[in-house]
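Below: data.cif (mmCIF, C-alpha atoms)
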data_entry
#
loop_
_atom_site.label_atom_id
_atom_site.label_comp_id
_atom_site.auth_asym_id
_atom_site.auth_seq_id
_atom_site.Cartn_x
_atom_site.Cartn_y
_atom_site.Cartn_z
CA MET A 1 113.92 90.68 103.89
CA LYS A 2 115.25 89.97 107.38
CA LYS A 3 113.13 92.86 108.69
CA ILE A 4 109.95 91.42 107.16
CA LEU A 5 110.64 87.91 108.46
CA ALA A 6 111.45 89.24 111.92
CA LEU A 7 108.22 91.25 112.05
CA CYS A 8 106.15 88.25 110.93
CA TRP A 9 107.80 86.14 113.63
CA ILE A 10 107.12 88.76 116.29
CA ILE A 11 103.45 89.00 115.27
CA CYS A 12 102.97 85.22 115.31
CA LEU A 13 104.69 84.95 118.68
CA SER A 14 102.61 87.79 120.10
CA LEU A 15 99.32 86.21 118.99
CA THR A 16 100.41 82.83 120.33
CA CYS A 17 101.12 84.38 123.73
CA LEU A 18 97.75 86.15 123.76
CA SER A 19 95.87 82.91 123.10
CA ARG A 20 97.53 80.91 125.88
CA THR A 21 94.99 81.89 128.55
CA ALA A 22 92.05 82.52 126.21
CA THR A 23 89.24 80.21 125.13
CA ARG A 24 88.91 79.57 121.42
CA LEU A 25 85.54 80.44 119.95
CA GLU A 26 83.80 78.04 117.58
CA GLU A 27 81.11 78.20 114.92
CA LYS A 28 78.55 76.97 117.44
CA PRO A 29 78.26 78.56 120.90
CA LEU A 30 80.23 76.93 123.69
CA LYS A 31 78.28 75.32 126.52
CA THR A 32 79.20 78.14 128.89
CA PHE A 33 77.18 80.68 126.86
CA GLU A 34 74.92 78.60 124.58
CA SER A 35 71.82 80.59 125.63
CA ASN A 36 73.43 84.06 125.61
CA PHE A 37 75.42 84.70 122.45
CA SER A 38 75.59 86.56 119.15
CA ASN A 39 76.28 85.11 115.71
CA PHE A 40 79.44 86.99 114.72
CA THR A 41 79.91 87.25 110.95
CA VAL A 42 82.87 88.67 109.04
CA LYS A 43 81.90 89.20 105.42
CA ILE A 44 84.28 89.99 102.57
CA ASN A 45 82.76 91.96 99.69
CA ASN A 46 84.43 92.12 96.31
CA ARG A 47 86.96 89.51 97.40
CA LYS A 48 89.74 88.16 95.21
CA ASP A 49 90.96 84.62 94.74
CA SER A 50 93.12 84.81 97.82
CA ARG A 51 93.19 83.49 101.34
CA ILE A 52 91.89 85.66 104.16
CA TYR A 53 93.12 85.33 107.73
CA ILE A 54 91.10 86.55 110.69
CA ASP A 55 92.25 87.04 114.28
CA LEU A 56 89.91 88.24 117.01
CA TYR A 57 91.07 88.75 120.62
CA ILE A 58 88.70 90.21 123.23
CA GLN A 59 88.63 90.77 126.99
CA ASP A 60 85.61 91.82 129.03
CA VAL A 61 85.76 95.49 130.05
CA GLU A 62 85.27 94.77 133.75
CA SER A 63 88.37 92.60 134.11
CA PHE A 64 90.43 94.95 131.93
CA GLU A 65 89.57 97.97 134.07
CA LYS A 66 90.89 96.18 137.15
CA ASN A 67 94.33 96.12 135.51
CA ASN A 68 94.33 98.22 132.36
CA THR A 69 98.11 97.99 131.97
CA GLN A 70 97.85 94.47 130.58
CA PHE A 71 95.60 93.08 127.87
CA LEU A 72 94.59 89.51 128.76
CA PRO A 73 92.01 88.23 126.26
CA ILE A 74 89.52 85.69 127.52
CA TYR A 75 88.24 84.70 124.06
CA TYR A 76 89.90 84.45 120.67
CA PHE A 77 89.19 83.22 117.17
CA SER A 78 91.89 82.56 114.58
CA GLU A 79 91.18 81.05 111.19
CA SER A 80 91.79 81.31 107.45
CA PHE A 81 89.13 80.98 104.77
CA LYS A 82 88.61 81.38 101.03
CA SER A 83 84.84 81.89 101.01
CA ASP A 84 82.93 85.19 101.15
CA LYS A 85 82.29 85.03 104.88
CA ILE A 86 83.03 83.24 108.12
CA ASP A 87 80.76 82.81 111.15
CA PHE A 88 81.35 82.03 114.80
CA ALA A 89 79.56 82.53 118.13
CA VAL A 90 80.57 85.22 120.65
CA PRO A 91 79.06 85.51 124.15
CA ASN A 92 77.08 88.69 124.78
CA GLY A 93 78.93 91.34 126.74
CA LYS A 94 81.06 94.48 126.56
CA TYR A 95 84.64 93.95 125.39
CA ILE A 96 87.91 95.59 124.47
CA GLY A 97 90.29 93.99 121.99
CA PHE A 98 91.04 93.88 118.29
CA LEU A 99 90.10 92.19 115.03
CA SER A 100 92.73 91.73 112.32
CA ILE A 101 91.97 90.94 108.69
CA THR A 102 94.92 89.81 106.55
CA LEU A 103 94.95 89.03 102.83
CA LEU A 104 97.66 86.90 101.27
CA ASP A 105 97.88 85.95 97.60
CA ASN A 106 101.08 84.29 96.41
CA ALA A 107 101.95 83.09 92.92
CA PHE A 108 105.33 81.34 92.94
CA PHE A 109 108.01 83.32 91.04
CA ASN A 110 105.33 85.78 89.90
CA ARG A 111 103.81 87.98 92.60
CA THR A 112 102.86 88.34 96.22
CA ILE A 113 99.89 90.49 97.22
CA THR A 114 99.22 91.40 100.85
CA GLY A 115 96.72 93.55 102.68
CA TYR A 116 96.08 94.34 106.36
CA HIS A 117 93.30 95.94 108.36
CA THR A 118 93.03 96.00 112.16
CA VAL A 119 89.96 97.16 114.07
CA TYR A 120 90.78 98.27 117.62
CA PHE A 121 88.03 98.19 120.25
CA GLY A 122 88.92 100.48 123.14
CA ILE A 123 92.68 99.82 122.90
CA ASN A 124 95.55 100.93 120.68
CA LYS A 125 98.15 98.93 118.76
CA ASP A 126 100.20 98.53 121.95
CA HIS A 127 97.17 96.92 123.64
CA LYS A 128 96.84 99.85 126.03
CA LYS A 129 93.63 101.68 126.84
CA ALA A 130 92.85 104.16 124.09
CA ASN A 131 91.66 107.67 124.76
CA TYR A 132 88.86 107.43 122.24
CA SER A 133 85.48 109.01 122.81
CA GLY A 134 82.38 108.85 120.69
CA ASP A 135 79.78 106.38 119.57
CA LYS A 136 81.14 105.93 116.06
CA CYS A 137 84.35 104.42 114.76
CA SER A 138 87.10 106.24 112.89
CA GLN A 139 88.81 104.62 109.91
CA LEU A 140 92.29 105.82 108.98
CA LYS A 141 94.61 105.22 106.05
CA LYS A 142 98.30 105.52 106.82
CA TYR A 143 101.77 104.37 105.87
CA ASP A 144 103.04 101.65 108.19
CA TYR A 145 106.81 102.07 108.43
CA ASP A 146 107.24 98.77 110.26
CA PHE A 147 105.80 96.84 107.30
CA ASP A 148 106.75 99.34 104.59
CA ARG A 149 103.22 99.53 103.20
CA ILE A 150 100.01 101.55 103.19
CA THR A 151 97.37 100.11 105.53
CA LYS A 152 93.96 100.95 106.94
CA ASN A 153 93.07 100.80 110.62
CA THR A 154 89.81 101.47 112.42
CA HIS A 155 89.61 102.78 115.98
CA CYS A 156 86.42 102.25 117.97
CA SER A 157 85.31 102.48 121.55
CA GLU A 158 84.54 99.25 123.41
CA ILE A 159 82.36 96.83 121.51
CA GLU A 160 79.09 95.82 123.14
CA ILE A 161 77.67 92.59 121.78
CA THR A 162 73.96 92.29 122.53
CA LYS A 163 72.29 91.69 119.17
CA LYS A 164 71.33 88.27 117.85
CA GLU A 165 73.69 88.82 114.93
CA THR A 166 76.77 91.02 114.57
CA ILE A 167 78.03 91.60 111.01
CA LEU A 168 81.30 93.28 110.02
CA GLU A 169 81.73 93.85 106.30
CA PHE A 170 85.06 94.42 104.56
CA SER A 171 86.02 94.83 100.91
CA ILE A 172 89.23 94.42 98.94
CA SER A 173 90.47 97.27 96.78
CA GLU A 174 90.09 96.78 93.03
CA ASN A 175 93.59 98.10 92.34
CA ASP A 176 96.87 96.80 93.72
CA GLU A 177 99.91 98.99 94.16
CA ILE A 178 103.43 97.79 93.45
CA ASN A 179 105.67 98.08 96.50
CA SER A 180 109.08 98.69 94.95
CA LEU A 181 111.00 98.45 98.20
CA ARG A 182 109.58 95.07 99.21
CA THR A 183 109.99 93.76 95.66
CA LEU A 184 113.70 94.49 95.84
CA LEU A 185 113.99 93.12 99.37
CA LEU A 186 112.35 89.84 98.41
CA LEU A 187 114.55 89.44 95.32
CA TRP A 188 117.79 90.55 96.93
CA PRO A 189 118.79 87.10 98.34
CA SER A 190 118.63 85.63 94.82
CA PHE A 191 120.54 88.54 93.32
CA SER A 192 123.29 88.46 95.93
CA TYR A 193 123.69 84.68 95.91
CA ALA A 194 123.83 84.58 92.13
CA ALA A 195 126.46 87.32 92.07
CA LEU A 196 128.62 85.49 94.63
CA GLN A 197 128.17 81.88 93.46
CA GLY A 198 127.30 82.24 89.80
CA PRO A 199 124.80 80.28 87.69
CA GLN A 200 126.92 77.11 87.87
CA GLN A 201 126.49 76.87 91.63
CA TYR A 202 122.96 78.21 91.66
CA PRO A 203 121.23 77.05 88.42
CA TYR A 204 117.97 78.92 89.11
CA ALA A 205 119.67 82.26 89.70
CA VAL A 206 119.30 83.52 86.12
CA PHE A 207 115.65 82.48 86.08
CA LEU A 208 114.94 84.33 89.33
CA ILE A 209 116.74 87.43 88.13
CA MET A 210 114.75 87.43 84.87
CA GLN A 211 111.57 87.04 86.90
CA GLY A 212 112.65 89.95 89.05
CA PHE A 213 113.11 92.27 86.11
CA PHE A 214 110.17 91.13 84.00
CA GLY A 215 107.61 89.50 86.25
CA PHE A 216 107.86 89.23 90.02
CA THR A 217 106.32 92.02 92.05
CA ALA A 218 105.35 92.56 95.66
CA ARG A 219 102.02 94.36 95.74
CA ASP A 220 99.91 95.99 98.43
CA THR A 221 96.14 96.13 98.48
CA LEU A 222 93.85 98.05 100.81
CA ILE A 223 91.14 96.40 102.91
CA ASN A 224 88.23 98.69 103.70
CA PHE A 225 85.84 98.35 106.67
CA ASP A 226 82.58 98.97 104.81
CA ASN A 227 80.05 99.27 107.65
CA PHE A 228 82.24 100.68 110.41
CA ASP A 229 79.76 103.48 111.10
CA SER A 230 76.73 101.24 111.55
CA PHE A 231 77.71 97.75 112.64
#

Would you encode the structure as structure tokens?
Amino acid sequence: MKKILALCWIICLSLTCLSRTATRLEEKPLKTFESNFSNFTVKINNRKDSRIYIDLYIQDVESFEKNNTQFLPIYYFSESFKSDKIDFAVPNGKYIGFLSITLLDNAFFNRTITGYHTVYFGINKDHKKANYSGDKCSQLKKYDYDFDRITKNTHCSEIEITKKETILEFSISENDEINSLRTLLLLWPSFSYAALQGPQQYPYAVFLIMQGFFGFTARDTLINFDNFDSF
């Protein structure tokens, strides 16, 4: 549990630091590029009744190549939504950076379902220049030991935004997979406190334990990048 909370804190802190010097993108183009932009759309196919979080951080290739040891995004977009798609305006240009899609579905004392997919444009997960060559993207499924879950990532070369509209389509897997380790980690505080203090000191302990054995589960779901080879 502590490991999960620590990782979530590190991620939030990292994204906050990245956005300090960047300009936030909006649904309508900013005045600085109102005549030279692309409508950027992230579409979720086969979505579930859950909240989707999107984080986009990009830096122009020219400034990155001057100091490719440090990723300093100049634009970012961070938002959550429950509809099928979200739109915002991005200035035309050639960029490196990443786009993260996160799914979170919580039902109190019942389940928690999470899913992650990160698309890297010309950089790796450490925000360093990636040695990737080719015109197409490569989508990979792997086990993320930091988060104790199966995830999908897509690695692409730099993204060049020149079209009037740029559409990235994702879909949510039909089937969820129970993550036994995270289920136990999330329930362990209740188990341990109940064992130490007893039901008299912690009246909801028995209820939580029963939920743990007969109801509560931590589940993983996969997010697929549907049009990674043609967007």

Practice problem: Spell out the residues picked by the PyMOL selection byres ((chain A and resi 99) around 9) here, as JSON, numbers by chain. | Solution: {"A": [54, 55, 56, 57, 58, 97, 98, 100, 101, 117, 118, 119, 120, 121]}

Please produce an output containing C-alpha atoms for each residue in the selection, written as an mmCIF file, keeping the file's coordinate frame.
data_model
loop_
_atom_site.group_PDB
_atom_site.id
_atom_site.type_symbol
_atom_site.label_atom_id
_atom_site.label_comp_id
_atom_site.auth_asym_id
_atom_site.auth_seq_id
_atom_site.Cartn_x
_atom_site.Cartn_y
_atom_site.Cartn_z
ATOM 1 C CA ILE A 54 91.100 86.550 110.690
ATOM 2 C CA ASP A 55 92.250 87.040 114.280
ATOM 3 C CA LEU A 56 89.910 88.240 117.010
ATOM 4 C CA TYR A 57 91.070 88.750 120.620
ATOM 5 C CA ILE A 58 88.700 90.210 123.230
ATOM 6 C CA GLY A 97 90.290 93.990 121.990
ATOM 7 C CA PHE A 98 91.040 93.880 118.290
ATOM 8 C CA SER A 100 92.730 91.730 112.320
ATOM 9 C CA ILE A 101 91.970 90.940 108.690
ATOM 10 C CA HIS A 117 93.300 95.940 108.360
ATOM 11 C CA THR A 118 93.030 96.000 112.160
ATOM 12 C CA VAL A 119 89.960 97.160 114.070
ATOM 13 C CA TYR A 120 90.780 98.270 117.620
ATOM 14 C CA PHE A 121 88.030 98.190 120.250
#

Practice problem: Would you list the contacts of Ala130 (chain A) as a ChimeraX atom specification, taking every protein, DNA or RNA residue within 12 Å and counting all atoms listed in the file, but skipping same-chain residues closer than 6 positions in sequence? | Solution: /A:68-69,96-98,120-124,155-158

Could you please take those selected residues and save C-alpha atoms as a short mmCIF file (atom, residue, chain, number, x, y, z; two decimals), keeping the file's coordinate frame?
data_model
loop_
_atom_site.label_atom_id
_atom_site.label_comp_id
_atom_site.auth_asym_id
_atom_site.auth_seq_id
_atom_site.Cartn_x
_atom_site.Cartn_y
_atom_site.Cartn_z
CA ASN A 68 94.33 98.22 132.36
CA THR A 69 98.11 97.99 131.97
CA ILE A 96 87.91 95.59 124.47
CA GLY A 97 90.29 93.99 121.99
CA PHE A 98 91.04 93.88 118.29
CA TYR A 120 90.78 98.27 117.62
CA PHE A 121 88.03 98.19 120.25
CA GLY A 122 88.92 100.48 123.14
CA ILE A 123 92.68 99.82 122.90
CA ASN A 124 95.55 100.93 120.68
CA HIS A 155 89.61 102.78 115.98
CA CYS A 156 86.42 102.25 117.97
CA SER A 157 85.31 102.48 121.55
CA GLU A 158 84.54 99.25 123.41
#

Quiz item: Nearest to Lys163 (chain A): which of A:Gln70, A:Gln59, A:Asn92, A:Thr21 is it, counting only C-alpha atoms?
Solution: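 Using only C-alpha atoms, Lys163 (chain A) sits closest to A:Asn92.
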
Quiz item: For Leu104 (chain A), which of A:Ser78, A:Thr151, A:Asn227, A:Ser50 is the closest residue, counting only C-alpha atoms?
Solution: A:Ser50

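Interatomic distance, CA of Thr154 (chain A) to CA of Pro29 (chain A): 27.0 Å.
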
Quiz prompt | Shell around Arg47 (chain A) at 10 Å using only C-alpha atoms, local window under 4 positions removed, as a PyMOL selection string | solution = chain A and resi 43+51-52+82-85+103+170-174+223

Those same residues, written as a short mmCIF file (atom, residue, chain, number, x, y, z; two decimals), keeping the file's coordinate frame with C-alpha atoms?
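Dumped to again.cif:
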data_model
loop_
_atom_site.label_atom_id
_atom_site.label_comp_id
_atom_site.auth_asym_id
_atom_site.auth_seq_id
_atom_site.Cartn_x
_atom_site.Cartn_y
_atom_site.Cartn_z
CA LYS A 43 81.90 89.20 105.42
CA ARG A 51 93.19 83.49 101.34
CA ILE A 52 91.89 85.66 104.16
CA LYS A 82 88.61 81.38 101.03
CA SER A 83 84.84 81.89 101.01
CA ASP A 84 82.93 85.19 101.15
CA LYS A 85 82.29 85.03 104.88
CA LEU A 103 94.95 89.03 102.83
CA PHE A 170 85.06 94.42 104.56
CA SER A 171 86.02 94.83 100.91
CA ILE A 172 89.23 94.42 98.94
CA SER A 173 90.47 97.27 96.78
CA GLU A 174 90.09 96.78 93.03
CA ILE A 223 91.14 96.40 102.91
#

Centre and edge lengths, as lines of an AutoDock Vina configuration file, for the axis-aligned box enclosing every listed atom of region 41-45 of chain A with 8 Å of padding on each of the six sides, in Å to one decimal?
center_x = 82.1
center_y = 89.6
center_z = 105.3
size_x = 20.4
size_y = 20.7
size_z = 27.3

Quiz item: What separation in Å, quoted to one decimal, exists between CA of Glu165 (chain A) and CA of Asp49 (chain A)?
Solution: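 Separating CA of Glu165 (chain A) from CA of Asp49 (chain A) is a distance of 26.9 Å.
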
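If you look at CA of Lys164 (chain A) and CA of Tyr116 (chain A), they are 28.0 Å away from each other.
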
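If you measure from each of A:Ser38, A:Glu160, A:Lys142, A:Thr23 to Leu222 (chain A) using all atoms listed in the file, the closest one turns out to be A:Lys142.
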
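Nearest residue to Ile74 (chain A) among A:Lys48, A:Ile86, A:Asp60, A:Lys28 is A:Asp60, counting only C-alpha atoms.
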
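Near Thr166 (chain A), within 12 Å and counting all atoms listed in the file, sit Phe37, Ser38, Asn39, Phe40, Thr41, Val42, Lys43, Ile86, Asp87, Phe88, Ala89, Val90, Pro91, Asn92, Ile159, Glu160, Asn227, Phe228, Ser230 and Phe231 of chain A, not including residues fewer than 6 positions from it in the same chain.
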
Can I get the selection written as a PDB file, in the frame of the given file, with C-alpha atoms?
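Wrote again-v1.pdb, looks like this:
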ATOM      1  CA  PHE A  37      75.420  84.700 122.450  1.00  0.00           C
ATOM      2  CA  SER A  38      75.590  86.560 119.150  1.00  0.00           C
ATOM      3  CA  ASN A  39      76.280  85.110 115.710  1.00  0.00           C
ATOM      4  CA  PHE A  40      79.440  86.990 114.720  1.00  0.00           C
ATOM      5  CA  THR A  41      79.910  87.250 110.950  1.00  0.00           C
ATOM      6  CA  VAL A  42      82.870  88.670 109.040  1.00  0.00           C
ATOM      7  CA  LYS A  43      81.900  89.200 105.420  1.00  0.00           C
ATOM      8  CA  ILE A  86      83.030  83.240 108.120  1.00  0.00           C
ATOM      9  CA  ASP A  87      80.760  82.810 111.150  1.00  0.00           C
ATOM     10  CA  PHE A  88      81.350  82.030 114.800  1.00  0.00           C
ATOM     11  CA  ALA A  89      79.560  82.530 118.130  1.00  0.00           C
ATOM     12  CA  VAL A  90      80.570  85.220 120.650  1.00  0.00           C
ATOM     13  CA  PRO A  91      79.060  85.510 124.150  1.00  0.00           C
ATOM     14  CA  ASN A  92      77.080  88.690 124.780  1.00  0.00           C
ATOM     15  CA  ILE A 159      82.360  96.830 121.510  1.00  0.00           C
ATOM     16  CA  GLU A 160      79.090  95.820 123.140  1.00  0.00           C
ATOM     17  CA  ASN A 227      80.050  99.270 107.650  1.00  0.00           C
ATOM     18  CA  PHE A 228      82.240 100.680 110.410  1.00  0.00           C
ATOM     19  CA  SER A 230      76.730 101.240 111.550  1.00  0.00           C
ATOM     20  CA  PHE A 231      77.710  97.750 112.640  1.00  0.00           C
TER      21      PHE A 231
END

Quiz item: For Leu168 (chain A), which residue out of A:Phe71, A:Arg24, A:Lys66, A:Asn45 is the nearest one, using all atoms listed in the file?
Solution: A:Asn45
